[in-house]
>>> print(open('input39.cif').read())   # mmCIF, C-alpha atoms
data_work
#
loop_
_atom_site.group_PDB
_atom_site.id
_atom_site.type_symbol
_atom_site.label_atom_id
_atom_site.label_comp_id
_atom_site.auth_asym_id
_atom_site.auth_seq_id
_atom_site.Cartn_x
_atom_site.Cartn_y
_atom_site.Cartn_z
ATOM 1 C CA MET P 1 79.823 -57.168 42.969
ATOM 2 C CA ARG P 2 81.161 -54.244 40.966
ATOM 3 C CA GLN P 3 82.025 -56.574 38.075
ATOM 4 C CA LEU P 4 78.512 -57.994 38.054
ATOM 5 C CA LYS P 5 77.029 -54.486 37.916
ATOM 6 C CA SER P 6 79.368 -53.627 35.040
ATOM 7 C CA LEU P 7 78.408 -56.824 33.234
ATOM 8 C CA LEU P 8 74.698 -56.122 33.683
ATOM 9 C CA LYS P 9 75.177 -52.544 32.478
ATOM 10 C CA GLN P 10 76.935 -53.780 29.322
ATOM 11 C CA ALA P 11 74.178 -56.345 28.772
ATOM 12 C CA ASP P 12 71.595 -53.588 29.083
ATOM 13 C CA ASN P 13 73.516 -51.272 26.730
ATOM 14 C CA ASN P 14 73.934 -54.028 24.127
ATOM 15 C CA PHE P 15 70.662 -55.852 24.700
ATOM 16 C CA ASN P 16 69.960 -56.549 21.022
ATOM 17 C CA GLN P 17 73.406 -58.050 20.517
ATOM 18 C CA VAL P 18 73.032 -60.194 23.657
ATOM 19 C CA LEU P 19 69.648 -61.422 22.428
ATOM 20 C CA ILE P 20 71.068 -62.170 18.970
ATOM 21 C CA GLY P 21 74.054 -64.017 20.464
ATOM 22 C CA ILE P 22 71.841 -66.199 22.653
ATOM 23 C CA SER P 23 69.520 -66.905 19.704
ATOM 24 C CA ILE P 24 72.396 -67.944 17.438
ATOM 25 C CA ILE P 25 73.830 -70.199 20.165
ATOM 26 C CA MET P 26 70.410 -71.868 20.543
ATOM 27 C CA ILE P 27 70.125 -72.333 16.771
ATOM 28 C CA GLY P 28 73.561 -73.971 16.720
ATOM 29 C CA ILE P 29 72.680 -76.302 19.592
ATOM 30 C CA PHE P 30 69.380 -77.252 17.950
ATOM 31 C CA LEU P 31 71.080 -77.969 14.616
ATOM 32 C CA TRP P 32 73.748 -80.022 16.419
ATOM 33 C CA ALA P 33 71.045 -82.092 18.140
ATOM 34 C CA ASP P 34 68.983 -82.705 14.991
ATOM 35 C CA LYS P 35 71.174 -84.290 12.334
ATOM 36 C CA ASN P 36 68.217 -84.809 9.966
ATOM 37 C CA TYR P 37 66.858 -81.253 9.974
ATOM 38 C CA PHE P 38 67.739 -80.534 6.335
ATOM 39 C CA PHE P 39 66.689 -83.103 3.742
ATOM 40 C CA TRP P 40 66.333 -81.227 0.465
ATOM 41 C CA PRO P 41 68.106 -81.390 -1.958
ATOM 42 C CA PRO P 42 69.195 -84.927 -1.128
ATOM 43 C CA GLN P 43 72.639 -84.414 -2.692
ATOM 44 C CA LEU P 44 73.477 -81.651 -0.183
ATOM 45 C CA ARG P 45 72.005 -83.369 2.869
ATOM 46 C CA PRO P 46 75.369 -84.413 4.390
ATOM 47 C CA LEU P 47 76.820 -80.929 3.853
ATOM 48 C CA MET P 48 73.823 -79.047 5.274
ATOM 49 C CA ASN P 49 73.595 -81.324 8.335
ATOM 50 C CA SER P 50 77.340 -81.147 8.971
ATOM 51 C CA GLU P 51 78.637 -80.633 12.505
ATOM 52 C CA TRP P 52 80.920 -77.887 11.240
ATOM 53 C CA SER P 53 78.083 -75.538 10.376
ATOM 54 C CA ASP P 54 76.596 -76.139 13.829
ATOM 55 C CA ILE P 55 79.933 -75.360 15.461
ATOM 56 C CA VAL P 56 80.217 -72.154 13.432
ATOM 57 C CA PHE P 57 76.808 -71.012 14.693
ATOM 58 C CA ILE P 58 77.719 -71.769 18.303
ATOM 59 C CA ILE P 59 81.082 -69.985 18.037
ATOM 60 C CA LEU P 60 79.530 -66.931 16.346
ATOM 61 C CA GLY P 61 76.877 -66.715 19.053
ATOM 62 C CA ILE P 62 79.408 -67.040 21.867
ATOM 63 C CA CYS P 63 81.640 -64.386 20.297
ATOM 64 C CA LEU P 64 78.704 -61.989 19.837
ATOM 65 C CA LEU P 65 77.614 -62.550 23.417
ATOM 66 C CA PHE P 66 81.151 -62.108 24.758
ATOM 67 C CA THR P 67 81.797 -58.898 22.826
ATOM 68 C CA ALA P 68 78.429 -57.466 23.922
ATOM 69 C CA LEU P 69 79.123 -58.249 27.578
ATOM 70 C CA THR P 70 82.617 -56.750 27.423
ATOM 71 C CA GLY P 71 81.386 -53.510 25.909
ATOM 72 C CA ASN P 72 82.300 -53.996 22.244
ATOM 73 C CA ARG P 73 85.821 -52.702 22.722
ATOM 74 C CA SER P 74 86.846 -53.419 19.144
ATOM 75 C CA ARG P 75 84.360 -51.988 16.662
ATOM 76 C CA ARG P 76 86.168 -53.704 13.796
ATOM 77 C CA PHE P 77 85.853 -57.141 15.430
ATOM 78 C CA GLN P 78 82.199 -56.446 16.237
ATOM 79 C CA SER P 79 81.562 -55.475 12.613
ATOM 80 C CA ILE P 80 83.217 -58.656 11.337
ATOM 81 C CA LEU P 81 81.155 -60.755 13.763
ATOM 82 C CA LEU P 82 77.920 -59.060 12.750
ATOM 83 C CA ILE P 83 78.681 -59.530 9.045
ATOM 84 C CA ALA P 84 79.617 -63.199 9.499
ATOM 85 C CA SER P 85 76.539 -63.820 11.645
ATOM 86 C CA SER P 86 74.306 -62.085 9.103
ATOM 87 C CA ALA P 87 75.731 -64.252 6.330
ATOM 88 C CA ALA P 88 75.230 -67.434 8.366
ATOM 89 C CA VAL P 89 71.645 -66.554 9.319
ATOM 90 C CA ALA P 90 70.844 -65.495 5.730
ATOM 91 C CA MET P 91 72.190 -68.816 4.450
ATOM 92 C CA LEU P 92 70.119 -70.693 7.039
ATOM 93 C CA THR P 93 67.011 -68.724 6.057
ATOM 94 C CA VAL P 94 67.512 -69.523 2.359
ATOM 95 C CA GLU P 95 68.035 -73.229 3.119
ATOM 96 C CA GLN P 96 64.840 -73.317 5.145
ATOM 97 C CA LEU P 97 62.954 -71.383 2.470
ATOM 98 C CA TRP P 98 64.082 -73.984 -0.098
ATOM 99 C CA HIS P 99 62.481 -76.649 2.074
ATOM 100 C CA VAL P 100 59.218 -74.706 2.215
ATOM 101 C CA VAL P 101 59.061 -73.887 -1.506
ATOM 102 C CA PHE P 102 60.585 -76.929 -3.195
ATOM 103 C CA ALA P 103 60.010 -79.759 -0.706
ATOM 104 C CA HIS P 104 56.590 -78.431 0.405
ATOM 105 C CA ASN P 105 57.562 -78.649 4.063
ATOM 106 C CA LEU P 106 55.197 -75.986 5.375
ATOM 107 C CA GLU P 107 56.133 -76.739 8.988
ATOM 108 C CA MET P 108 59.409 -74.920 8.384
ATOM 109 C CA ILE P 109 57.747 -71.601 7.486
ATOM 110 C CA MET P 110 57.805 -70.457 11.124
ATOM 111 C CA ALA P 111 61.561 -71.020 11.248
ATOM 112 C CA VAL P 112 61.922 -68.932 8.070
ATOM 113 C CA ILE P 113 59.926 -66.094 9.630
ATOM 114 C CA LEU P 114 61.888 -66.168 12.894
ATOM 115 C CA ASP P 115 65.244 -66.336 11.097
ATOM 116 C CA ALA P 116 64.216 -63.430 8.869
ATOM 117 C CA GLY P 117 63.416 -61.440 12.024
ATOM 118 C CA LEU P 118 66.800 -62.370 13.470
ATOM 119 C CA LEU P 119 68.436 -61.232 10.227
ATOM 120 C CA VAL P 120 66.647 -57.873 10.467
ATOM 121 C CA MET P 121 67.919 -57.490 14.039
ATOM 122 C CA LEU P 122 71.464 -58.313 12.899
ATOM 123 C CA ILE P 123 71.297 -55.756 10.097
ATOM 124 C CA ARG P 124 69.958 -53.141 12.503
ATOM 125 C CA CYS P 125 72.747 -53.905 14.969
ATOM 126 C CA ALA P 126 75.347 -53.611 12.203
ATOM 127 C CA TYR P 127 73.806 -50.345 10.992
ATOM 128 C CA LYS P 128 73.943 -48.835 14.482
ATOM 129 C CA ASN P 129 77.582 -49.922 14.793
#
>>> encode(input="input39.cif", output="structure tokens")
Amino acid sequence: MRQLKSLLKQADNNFNQVLIGISIIMIGIFLWADKNYFFWPPQLRPLMNSEWSDIVFIILGICLLFTALTGNRSRRFQSILLIASSAAVAMLTVEQLWHVVFAHNLEMIMAVILDAGLLVMLIRCAYKN
């Protein structure tokens, strides 16, 4: 019971990081499930829909969630995770923006907006670190 209270206290103290971790895990799972999400440019389609990028998202999200729930004991490790996650989300946002601008896939604009918001949250979390 005491461990659960401690875990909930850490989740409350690091709520933004918990939310970011869960969001990145969900993005990774969605990308893993949809192997045809990216289609432009056609030459990069196999690379952008690769399982490895999906796995990286899932691992980053799990690590962010784990460090938030354990109280961010290592500030250096937290900083590295936040930087890597910011880079991954920024890359995802640019890829989706390419689809909107160059492939005229306007349905993806909402994903661009949400990923940009997630990137702002990541930058804010890194700044507060």
>>> resolve_selection(input="input39.cif", expression="the PyMOL selection byres ((chain P and resi 129) around 10)", output="list in words")
Asn72, Arg75, Arg76, Gln78, Ser79, Leu82, Ile123, Arg124, Cys125, Ala126, Tyr127 and Lys128 of chain P
>>> atom_distance(input="input39.cif", atom1="CA of Ala68 in chain P", atom2="CA of Trp32 in chain P")
24.2 Å
>>> atom_distance(input="input39.cif", atom1="CA of Ala88 in chain P", atom2="CA of Val56 in chain P")
8.5 Å
>>> resolve_selection(input="input39.cif", expression="the PyMOL selection byres ((chain P and resi 1-17) around 7)", output="VMD selection string")
chain P and resid 18 to 21 64 to 65 68 to 71 125
>>> atom_distance(input="input39.cif", atom1="CA of Asp34 in chain P", atom2="CA of Met108 in chain P")
14.0 Å
>>> resolve_selection(input="input39.cif", expression="the PyMOL selection byres ((chain P and resi 97) around 12)", output="list in words")
Phe38, Trp40, Ala90, Met91, Leu92, Thr93, Val94, Glu95, Gln96, Trp98, His99, Val100, Val101, Phe102, Ala103, His104, Asn105, Leu106, Glu107, Met108, Ile109, Met110, Ala111, Val112, Ile113, Leu114, Asp115 and Ala116 of chain P
>>> write_last_selection(input="input39.cif", atoms="C-alpha atoms", output="mmCIF file, keeping the file's coordinate frame")
data_model
loop_
_atom_site.group_PDB
_atom_site.id
_atom_site.type_symbol
_atom_site.label_atom_id
_atom_site.label_comp_id
_atom_site.auth_asym_id
_atom_site.auth_seq_id
_atom_site.Cartn_x
_atom_site.Cartn_y
_atom_site.Cartn_z
ATOM 1 C CA PHE P 38 67.739 -80.534 6.335
ATOM 2 C CA TRP P 40 66.333 -81.227 0.465
ATOM 3 C CA ALA P 90 70.844 -65.495 5.730
ATOM 4 C CA MET P 91 72.190 -68.816 4.450
ATOM 5 C CA LEU P 92 70.119 -70.693 7.039
ATOM 6 C CA THR P 93 67.011 -68.724 6.057
ATOM 7 C CA VAL P 94 67.512 -69.523 2.359
ATOM 8 C CA GLU P 95 68.035 -73.229 3.119
ATOM 9 C CA GLN P 96 64.840 -73.317 5.145
ATOM 10 C CA TRP P 98 64.082 -73.984 -0.098
ATOM 11 C CA HIS P 99 62.481 -76.649 2.074
ATOM 12 C CA VAL P 100 59.218 -74.706 2.215
ATOM 13 C CA VAL P 101 59.061 -73.887 -1.506
ATOM 14 C CA PHE P 102 60.585 -76.929 -3.195
ATOM 15 C CA ALA P 103 60.010 -79.759 -0.706
ATOM 16 C CA HIS P 104 56.590 -78.431 0.405
ATOM 17 C CA ASN P 105 57.562 -78.649 4.063
ATOM 18 C CA LEU P 106 55.197 -75.986 5.375
ATOM 19 C CA GLU P 107 56.133 -76.739 8.988
ATOM 20 C CA MET P 108 59.409 -74.920 8.384
ATOM 21 C CA ILE P 109 57.747 -71.601 7.486
ATOM 22 C CA MET P 110 57.805 -70.457 11.124
ATOM 23 C CA ALA P 111 61.561 -71.020 11.248
ATOM 24 C CA VAL P 112 61.922 -68.932 8.070
ATOM 25 C CA ILE P 113 59.926 -66.094 9.630
ATOM 26 C CA LEU P 114 61.888 -66.168 12.894
ATOM 27 C CA ASP P 115 65.244 -66.336 11.097
ATOM 28 C CA ALA P 116 64.216 -63.430 8.869
#
>>> residues_around(input="input39.cif", residues="Ile27 in chain P", least_positions_apart="3", cutoff="10 Å", atoms="all atoms listed in the file", output="VMD selection string")
chain P and resid 21 to 24 30 to 33 54 57 to 58 61 89 92 115
>>> closest_residue(input="input39.cif", among="P:Leu44, P:Ala87, P:Val120, P:Ile25", to="Ile59 in chain P", atoms="only C-alpha atoms")
P:Ile25
